[in-house]
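**Student:** Let me begin by handing over the structure; questions about it come next.
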Amino acid sequence: MREEGDARVVAGDLMSRARAGDGEAFRELTEPYRRELQVHCYRMLGSFQDAEDALQDTLLAAWQGFGGFQGRASLRTWLYRIATNRCLNARRSASRRPAKEWDVPKVEPPEPTRLGEVVWLEPFPDALLEGAIDVPLSPEARYEQTEAISLAFVTALQVLPPRQLAVLILRDVLGFHTGEVADMLDSSVESVKSALKRARASLQHRRPTTDDREPPPACGSRSEHAIVAKFVRAWESADLDALVALLTDDVFMSMPPMPLEYQGRDVVARFCASIFRAGRRFDLIPTRANGQPAFGAYLRAPTGIRHGTGLYVLTLTGDRICAMTRFDNSVLPWFGLPRSLPRP
């Protein structure tokens, strides 16, 4: 009891100092929420860069408005209110990054199955998830935090209207109560309930069904290591047959910011064959993104230098790969990966 009392005294002192303009006290109060707020902004915006910008805007607005924070809601709830509204403003005003044309020399890809809508999607480094997706949630939350950071989930969120998106994340992902969400959005409880119903229906329609799929192997498990090792061997040796054997029948491949999307093992195999036929050979450096296995891909040059060409993120089901997402090489530094590797 005495420790709790001491903690309240310390928190109260920090609040008083922060309201008086003490920047260090403000940082100490808000730092515990920084990572989870960054993940929240990422879910809202689908872009790592945009999320970082929104986080900085959120903290600046919180600092400038801290004198008016009366404590009627918790500090965490107050920060989420600011972050959500900053993200809504960003979505309404953003000129999303344009789609990029195919630019791989000497490679002619097959006709895509379709053109993707969410070309601004970017991966989120697992190194930044520590302490951000293991926060205690209320029973209102409907999604596991690891599921709610996956590329498939974040992609599906991006096609929701902004307000529906905000309501679904605040209620079903983070577990805030309906009344809290209404306060955050300056809305009514009835409006929040209506938006949530529509968002759930849209998300159910948009997301690929997973009912008949095996769950992915546990992160870092022997099963995950086994399929990842097979993928690396197949990709680095350009063994198309071995690669195709790892894919599900309905495997999906996308490559934002290029809009090309491929659905089905045959067409994905043709795409990979076009890469291998061009004589392009790669070394893969493992990392993790969005809770999923990922690899920096480095093209072997005649000089021996290996140049980073992009990042591959795998989505697994059982002992197979059901999705592959390729991002361009601009994302490599976020994962601590260099733009090039020296001769081996």
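Ordering of the structure tokens sets the chain letters (A, B, ...), residue numbers begin anew at 1 in every chain, and ligands are numbered from 1 in the order given.
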Within 9 Å of segment 331-340 of chain A, which residues of segment 42-128 of chain A come that close, and what is the closest atom pair and distance in Å for each? Count only C-alpha atoms and give it as CSV.
**Tutor:**
residue,atom,partner,partner_atom,distance
A:Glu122,CA,A:Val331,CA,7.8
A:Pro123,CA,A:Val331,CA,7.7
A:Phe124,CA,A:Trp334,CA,8.3
A:Pro125,CA,A:Phe335,CA,6.0
A:Asp126,CA,A:Phe335,CA,8.5
A:Ala127,CA,A:Phe335,CA,7.8
**Student:** Would you list the contacts of segment 164-172 of chain A as a CSV table (one decimal) with C-alpha atoms, in the first residue's frame, taking every protein, DNA or RNA residue within 7 Å and counting only C-alpha atoms, but skipping same-chain residues closer than 3 positions in sequence?
**Tutor:**
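Writing done, so here's part25.csv:
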chain,number,residue,atom,x,y,z
A,44,MET,CA,-4.4,3.8,-38.7
A,84,THR,CA,-6.3,9.1,-33.3
A,140,GLU,CA,-13.7,-5.5,-25.2
A,141,ALA,CA,-10.8,-6.4,-27.5
A,142,ARG,CA,-11.7,-9.0,-30.1
A,143,TYR,CA,-8.3,-9.5,-31.8
A,157,LEU,CA,-7.9,-1.9,-42.4
A,160,LEU,CA,-12.1,1.2,-44.4
A,161,PRO,CA,-13.5,4.7,-44.3
A,175,GLY,CA,-10.5,-2.7,-26.2
A,176,PHE,CA,-11.6,0.9,-25.2
A,177,HIS,CA,-15.3,1.0,-24.1
A,178,THR,CA,-17.9,2.5,-26.5
A,181,VAL,CA,-14.4,5.9,-28.1
A,192,VAL,CA,-19.9,4.7,-32.7
A,195,ALA,CA,-19.7,2.8,-37.4
A,196,LEU,CA,-18.4,-0.3,-35.7
A,199,ALA,CA,-16.6,-1.7,-40.1
**Student:** Measuring between only C-alpha atoms, which one of A:Asp57, A:Glu180, A:Asp13, A:Asp319 shows the shortest distance to Ser221 of chain A?
**Tutor:**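 With only C-alpha atoms as the atom set, the closest residue is A:Asp319.
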**Student:** Based on the backbone DSSP call, show me all residues of segment 142-271 of chain A assigned helix (DSSP H, G or I), as a ChimeraX atom specification.
**Tutor:** /A:147-149,151-158,162-173,178-184,189-206,222-236,240-245,265-271
**Student:** Give the answer as one residue: which of A:Val251, A:Ile82, A:Ala273, A:Val189 has the shortest atom-to-atom distance to Leu37 of chain A, using only C-alpha atoms?
**Tutor:**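 Smallest separation from Leu37 of chain A among the options: A:Ile82.
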**Student:** Can you measure atom CA of Ile133 of chain A to atom CA of Ala51 of chain A for me? One decimal in Å is fine.
**Tutor:**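 Computing it gives 15.7 Å between the two atoms.
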